[in-house]
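Undergrad: Once you've had a glance at the structure underneath, I'll fire off some questions.
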Amino acid sequence: MPTNVLYLSYDGMTDSLGQSQVLPYLKGLTPKGFQFHIISFEKEERFEKFRDQIQQICDDAGIIWHPLSYTKKPPLLSTIYDVRRMRSLARKLHKQLDFKIVHCRSYLSALVGMKMQKDLGIKFLFDMRGFWADERVEGNIWSLSNPVFKTVYDFFKKKEKQYFLKADHIVSLTYCGKDEIVSWKGFEHLKDKIEVIPCCVDLHKFDPSKVTDEAKKQARTELGIGENQKVLGYVGSIGTWYMLDEMLHFFKRFQSENPDAIFLFITGEPAEMVRKRAAELGVDNGKFLVKSVLHSEVPLHVSLFTASVFFIRPSFSKKASSPTKQGELMAMGVPIYCNDGVGDTGKVIRDYRAGKVVPLDDMSFSQISLEINDFDSMETQKGANEFYGLETGVQRYYSVYQKLMK
């Protein structure tokens, strides 16, 4: 008989992160003897659009999905309401299914999981996904000058310590985040209770050998990119943490050595956002392409990149962040320009000769060389396999589950 596991996520399975950073792991773990039940909160528009697709994925994998509608307003009160709904459904399902493990993605679902551990004796796995409360403050979502948000922040910083100390096991996205936690007084003993599992990539999808020369030629033609034209590429969302201004200035530096270069953004963000900011900064507006594609088409478009760039604003909370794009770019063997101070990003780039770690102290980047003298495509792809491979991530989760079942 499979072991019943309850997976709690405040993020939706119809969201992109649910599709890339939850379902693939659970699909890989199910054949190893686990029956997963997912409770997640789904935003109305995405639920209507992707419900059938996600349901089919779950059905095919033998995963049972219990979607709840996400409540947006009023702020804070809606979140309390949703957490209570999650708790009520989780307890109802437990009476029927006798869960052995409650796997909690991030801080809100951990409120439910820790209570179930205390009241019902279920093993509590805290999958932290980053220093969430600090992300809210550093991302200017919560202002500590507002007494309400200050109270909420203090509440979750207190809960954070309880999660770490009471969880039967902890998952961190980065070694940097793990080192931070065990450096705190009274938390040194957690070293063996924290498993590091970064945001992984499906190497069967992100495989450069599956992208034909003909497909690349057609994609270049459709985008209006010349056969020998250099392409600096960016993939993913643009927003709070991603330093668009710095990336645009870096492109200007890239362009100084490659005059006909194109900056290709593969993103769901509006093209006008990029073009307007480029114009304001005086960066050549005619050299930008912004394309929204399905996730299945990302490998093809990444294969057009001569090199890629992503700059992420470094901060305390980013010690625990693992950019999903890094594994995807490395898997495709594309050189990466990035900055330090974000989780394990810089260390992985250096260890696997995957690109260049760029200092951000000079906005013009005039003092840096663009040469990546030690870049090695094969070593980069090896790094993607060893550090970010989905099968590696599944095996690490399996080892955690085995420890919890002992």
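Chain lettering (A, B, ...) mirrors the order of the structure tokens, residue numbering begins at 1 for each chain separately, and ligand numbering begins at 1 in order of display.
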With a cut-off of 10 Å, could you pull out the residues of range 37-127 of chain A touching range 154-173 of chain A and give me the nearest pair of atoms for each, distance in Å to one decimal, using only C-alpha atoms, ordered by chain and ascending number, as CSV?
TA:
```
residue,atom,partner,partner_atom,distance
A:Ile101,CA,A:Asp168,CA,9.7
A:His103,CA,A:His169,CA,9.7
A:Cys104,CA,A:Ile170,CA,9.8
A:Arg105,CA,A:Val171,CA,9.5
A:Ser106,CA,A:Val171,CA,9.9
A:Tyr107,CA,A:Glu160,CA,7.5
A:Leu108,CA,A:Phe156,CA,9.0
A:Ala110,CA,A:Tyr163,CA,7.4
A:Leu111,CA,A:Lys159,CA,8.1
A:Gly113,CA,A:Ala167,CA,9.2
A:Met114,CA,A:Tyr163,CA,7.2
A:Gln117,CA,A:Ala167,CA,8.6
A:Lys118,CA,A:Lys166,CA,9.3
A:Ile122,CA,A:Asp168,CA,9.5
A:Lys123,CA,A:Asp168,CA,6.1
A:Phe124,CA,A:Ala167,CA,5.3
A:Leu125,CA,A:His169,CA,5.1
A:Phe126,CA,A:Ile170,CA,4.8
A:Asp127,CA,A:Val171,CA,4.6
```
Undergrad: Considering only C-alpha atoms, give me a table of residues in range 151-234 of chain A that are at most 12 Å from range 282-287 of chain A, with the closest atom pair and distance in Å for each, as a tab-separated table.
TA:
```
residue	atom	partner	partner_atom	distance
A:Leu223	CA	A:Lys287	CA	11.8
A:Gly224	CA	A:Lys287	CA	10.9
A:Ile225	CA	A:Lys287	CA	10.2
A:Gln229	CA	A:Lys287	CA	11.3
A:Lys230	CA	A:Lys287	CA	11.1
A:Val231	CA	A:Lys287	CA	10.0
A:Leu232	CA	A:Lys287	CA	10.5
A:Gly233	CA	A:Lys287	CA	11.9
```
Undergrad: For the selection just defined, write its residues with N, CA and C atoms to a file, as a PDB file, in the first residue's frame.
TA:
```pdb
ATOM      1  N   LEU A 223      11.654  35.721 -36.146  1.00  0.00           N
ATOM      2  CA  LEU A 223      11.961  36.837 -35.254  1.00  0.00           C
ATOM      3  C   LEU A 223      12.731  37.957 -35.958  1.00  0.00           C
ATOM      4  N   GLY A 224      13.177  37.696 -37.185  1.00  0.00           N
ATOM      5  CA  GLY A 224      13.934  38.713 -37.913  1.00  0.00           C
ATOM      6  C   GLY A 224      15.363  38.834 -37.442  1.00  0.00           C
ATOM      7  N   ILE A 225      15.949  37.748 -36.991  1.00  0.00           N
ATOM      8  CA  ILE A 225      17.329  37.734 -36.507  1.00  0.00           C
ATOM      9  C   ILE A 225      18.210  37.113 -37.585  1.00  0.00           C
ATOM     10  N   GLN A 229      23.890  36.983 -36.491  1.00  0.00           N
ATOM     11  CA  GLN A 229      23.675  38.082 -35.559  1.00  0.00           C
ATOM     12  C   GLN A 229      23.786  37.580 -34.114  1.00  0.00           C
ATOM     13  N   LYS A 230      24.543  38.312 -33.286  1.00  0.00           N
ATOM     14  CA  LYS A 230      24.706  37.940 -31.888  1.00  0.00           C
ATOM     15  C   LYS A 230      23.418  38.261 -31.121  1.00  0.00           C
ATOM     16  N   VAL A 231      23.071  37.371 -30.191  1.00  0.00           N
ATOM     17  CA  VAL A 231      21.847  37.524 -29.402  1.00  0.00           C
ATOM     18  C   VAL A 231      22.179  37.426 -27.914  1.00  0.00           C
ATOM     19  N   LEU A 232      21.918  38.517 -27.186  1.00  0.00           N
ATOM     20  CA  LEU A 232      21.957  38.461 -25.723  1.00  0.00           C
ATOM     21  C   LEU A 232      20.534  38.149 -25.284  1.00  0.00           C
ATOM     22  N   GLY A 233      20.365  37.145 -24.433  1.00  0.00           N
ATOM     23  CA  GLY A 233      19.018  36.698 -24.106  1.00  0.00           C
ATOM     24  C   GLY A 233      18.676  36.773 -22.627  1.00  0.00           C
TER      25      GLY A 233
END
```
Undergrad: Counting only C-alpha atoms, which of A:Leu370, A:Ser308, A:Thr14, A:Ile197 gets nearest to Asn258 in chain A?
TA: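 Smallest separation from Asn258 in chain A among the options: A:Leu370.
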Undergrad: Just checking: using only C-alpha atoms, which residue out of A:Val400, A:Leu97, A:Met330, A:Met247 ends up closest to Glu386 in chain A?
TA: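 Selected residue with least distance to Glu386 in chain A: A:Met330.
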Undergrad: What lies within 6 Å of Ile38 in chain A using only C-alpha atoms, ignoring chain neighbours under 3 positions off, as a PDB file with all heavy atoms, in the first residue's frame?
TA:
```
ATOM      1  N   TYR A   7       0.143  17.272   0.489  1.00  0.00           N
ATOM      2  CA  TYR A   7       0.993  18.368   0.018  1.00  0.00           C
ATOM      3  C   TYR A   7       0.176  19.653   0.055  1.00  0.00           C
ATOM      4  O   TYR A   7      -0.858  19.771  -0.607  1.00  0.00           O
ATOM      5  CB  TYR A   7       1.476  18.103  -1.408  1.00  0.00           C
ATOM      6  CG  TYR A   7       2.570  19.043  -1.867  1.00  0.00           C
ATOM      7  CD1 TYR A   7       3.896  18.653  -1.858  1.00  0.00           C
ATOM      8  CD2 TYR A   7       2.275  20.343  -2.300  1.00  0.00           C
ATOM      9  CE1 TYR A   7       4.904  19.518  -2.276  1.00  0.00           C
ATOM     10  CE2 TYR A   7       3.265  21.205  -2.708  1.00  0.00           C
ATOM     11  CZ  TYR A   7       4.583  20.797  -2.692  1.00  0.00           C
ATOM     12  OH  TYR A   7       5.578  21.653  -3.084  1.00  0.00           O
ATOM     13  N   LEU A   8       0.647  20.628   0.840  1.00  0.00           N
ATOM     14  CA  LEU A   8      -0.067  21.891   1.017  1.00  0.00           C
ATOM     15  C   LEU A   8       0.700  23.020   0.340  1.00  0.00           C
ATOM     16  O   LEU A   8       1.886  23.227   0.613  1.00  0.00           O
ATOM     17  CB  LEU A   8      -0.222  22.209   2.511  1.00  0.00           C
ATOM     18  CG  LEU A   8      -0.949  21.169   3.368  1.00  0.00           C
ATOM     19  CD1 LEU A   8      -0.988  21.623   4.827  1.00  0.00           C
ATOM     20  CD2 LEU A   8      -2.365  20.935   2.858  1.00  0.00           C
ATOM     21  N   TRP A  65      -5.890  15.887  -6.644  1.00  0.00           N
ATOM     22  CA  TRP A  65      -5.815  17.358  -6.509  1.00  0.00           C
ATOM     23  C   TRP A  65      -7.108  17.876  -5.903  1.00  0.00           C
ATOM     24  O   TRP A  65      -8.193  17.553  -6.372  1.00  0.00           O
ATOM     25  CB  TRP A  65      -5.572  17.955  -7.880  1.00  0.00           C
ATOM     26  CG  TRP A  65      -5.404  19.436  -7.956  1.00  0.00           C
ATOM     27  CD1 TRP A  65      -4.838  20.253  -7.034  1.00  0.00           C
ATOM     28  CD2 TRP A  65      -5.776  20.268  -9.062  1.00  0.00           C
ATOM     29  NE1 TRP A  65      -4.830  21.554  -7.485  1.00  0.00           N
ATOM     30  CE2 TRP A  65      -5.397  21.587  -8.728  1.00  0.00           C
ATOM     31  CE3 TRP A  65      -6.384  20.033 -10.301  1.00  0.00           C
ATOM     32  CZ2 TRP A  65      -5.626  22.671  -9.590  1.00  0.00           C
ATOM     33  CZ3 TRP A  65      -6.597  21.103 -11.159  1.00  0.00           C
ATOM     34  CH2 TRP A  65      -6.224  22.400 -10.802  1.00  0.00           C
ATOM     35  N   HIS A  66      -6.962  18.684  -4.841  1.00  0.00           N
ATOM     36  CA  HIS A  66      -8.108  19.296  -4.171  1.00  0.00           C
ATOM     37  C   HIS A  66      -7.973  20.817  -4.270  1.00  0.00           C
ATOM     38  O   HIS A  66      -7.528  21.478  -3.324  1.00  0.00           O
ATOM     39  CB  HIS A  66      -8.163  18.879  -2.691  1.00  0.00           C
ATOM     40  CG  HIS A  66      -8.118  17.394  -2.477  1.00  0.00           C
ATOM     41  ND1 HIS A  66      -9.245  16.614  -2.410  1.00  0.00           N
ATOM     42  CD2 HIS A  66      -7.063  16.554  -2.301  1.00  0.00           C
ATOM     43  CE1 HIS A  66      -8.902  15.347  -2.205  1.00  0.00           C
ATOM     44  NE2 HIS A  66      -7.584  15.288  -2.144  1.00  0.00           N
TER      45      HIS A  66
END
```
Undergrad: Can you tell me how far CA of Ser40 in chain A sits from CA of Gly62 in chain A, in Å to one decimal?
TA: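 Computed distance, CA of Ser40 in chain A to CA of Gly62 in chain A, equals 16.7 Å.
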Undergrad: Output as CSV one row per residue of range 264-383 of chain A within 12 Å of range 21-24 of chain A: the closest atom pair and its distance in Å to one decimal place, counting only C-alpha atoms, sorted by chain and residue number ascending.
TA:
```
residue,atom,partner,partner_atom,distance
A:Ser322,CA,A:Gln21,CA,11.3
A:Pro323,CA,A:Gln21,CA,11.4
A:Thr324,CA,A:Gln21,CA,8.7
A:Lys325,CA,A:Gln21,CA,12.0
```
Undergrad: Could you write those residues out with C-alpha atoms, as a tab-separated table (two decimals), in the first residue's frame?
TA:
```tsv
chain	number	residue	atom	x	y	z
A	322	SER	CA	17.38	29.64	-6.54
A	323	PRO	CA	16.53	31.15	-9.96
A	324	THR	CA	14.70	28.53	-12.06
A	325	LYS	CA	16.18	30.08	-15.21
```
Undergrad: I'd like to know which of A:Asn228, A:Asn140, A:Thr267, A:Thr380 is closest to Arg350 in chain A, using only C-alpha atoms.
TA: A:Thr380
Undergrad: If you run DSSP on the backbone, which residues of range 74-255 of chain A are helix (DSSP H, G or I), as an MDAnalysis selection string?
TA: chainID A and resid 77:97 106:120 132:138 147:166 175:182 188:193 208:210 213:223 244:255
Undergrad: Of the candidates A:Val152, A:Ile368, A:Val290, A:Val334, which one gets nearest to Phe250 in chain A if we count only C-alpha atoms?
TA: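 Using only C-alpha atoms, the shortest distance to Phe250 in chain A belongs to A:Ile368.
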Undergrad: At a cut-off of 9 Å, using only C-alpha atoms, what residues contact Ile181 in chain A? Leave out same-chain residues fewer than 3 positions from it and give the result as a PDB file with C-alpha atoms, in the first residue's frame.
TA:
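To be explicit, this is the file written out as around.pdb:
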```pdb
ATOM      1  CA  PHE A 164      12.862  25.369  11.799  1.00  0.00           C
ATOM      2  CA  CYS A 176      23.797  29.632   1.316  1.00  0.00           C
ATOM      3  CA  GLY A 177      20.366  29.662   2.982  1.00  0.00           C
ATOM      4  CA  LYS A 178      21.189  26.546   4.985  1.00  0.00           C
ATOM      5  CA  TRP A 184      21.988  31.424  14.246  1.00  0.00           C
ATOM      6  CA  PHE A 187      20.056  26.494  15.463  1.00  0.00           C
ATOM      7  CA  GLU A 188      23.458  24.863  14.959  1.00  0.00           C
ATOM      8  CA  LEU A 190      19.759  21.682  12.460  1.00  0.00           C
ATOM      9  CA  LYS A 191      22.610  21.001  10.040  1.00  0.00           C
TER      10      LYS A 191
END
```
Undergrad: Counting only C-alpha atoms, what is within 12 Å of Lys92 in chain A, bar same-chain residues fewer than 6 positions away, as JSON, numbers by chain?
TA: {"A": [6, 39, 66, 85, 86, 98, 99, 116]}
Undergrad: Kindly save the residues from that selection, with N, CA and C atoms included, as a PDB file, in the first residue's frame.
TA:
```
ATOM      1  N   LEU A   6       0.119  14.373   2.334  1.00  0.00           N
ATOM      2  CA  LEU A   6      -0.639  15.586   2.060  1.00  0.00           C
ATOM      3  C   LEU A   6       0.333  16.696   1.687  1.00  0.00           C
ATOM      4  N   ILE A  39      -3.506  20.114  -1.780  1.00  0.00           N
ATOM      5  CA  ILE A  39      -4.436  21.226  -1.557  1.00  0.00           C
ATOM      6  C   ILE A  39      -3.708  22.495  -1.987  1.00  0.00           C
ATOM      7  N   HIS A  66      -6.962  18.684  -4.841  1.00  0.00           N
ATOM      8  CA  HIS A  66      -8.108  19.296  -4.171  1.00  0.00           C
ATOM      9  C   HIS A  66      -7.973  20.817  -4.270  1.00  0.00           C
ATOM     10  N   ARG A  85      -9.538  27.696   5.673  1.00  0.00           N
ATOM     11  CA  ARG A  85     -10.162  26.750   4.747  1.00  0.00           C
ATOM     12  C   ARG A  85      -9.219  25.579   4.456  1.00  0.00           C
ATOM     13  N   MET A  86      -7.936  25.887   4.286  1.00  0.00           N
ATOM     14  CA  MET A  86      -6.953  24.832   4.057  1.00  0.00           C
ATOM     15  C   MET A  86      -6.897  23.883   5.256  1.00  0.00           C
ATOM     16  N   ASP A  98      -5.593   9.151   6.740  1.00  0.00           N
ATOM     17  CA  ASP A  98      -4.513   8.897   7.699  1.00  0.00           C
ATOM     18  C   ASP A  98      -3.140   9.223   7.096  1.00  0.00           C
ATOM     19  N   PHE A  99      -2.917  10.502   6.811  1.00  0.00           N
ATOM     20  CA  PHE A  99      -1.658  10.931   6.230  1.00  0.00           C
ATOM     21  C   PHE A  99      -0.487  10.657   7.179  1.00  0.00           C
ATOM     22  N   MET A 116      -0.971  20.354  12.512  1.00  0.00           N
ATOM     23  CA  MET A 116      -1.317  18.944  12.315  1.00  0.00           C
ATOM     24  C   MET A 116      -0.273  18.038  12.962  1.00  0.00           C
TER      25      MET A 116
END
```
Undergrad: Which of these residues is nearest to Phe316 in chain A, using only C-alpha atoms: A:Glu222, A:Asp119, A:Glu135, A:Glu44?
TA: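 Distance minimum relative to Phe316 in chain A lands on A:Glu135.
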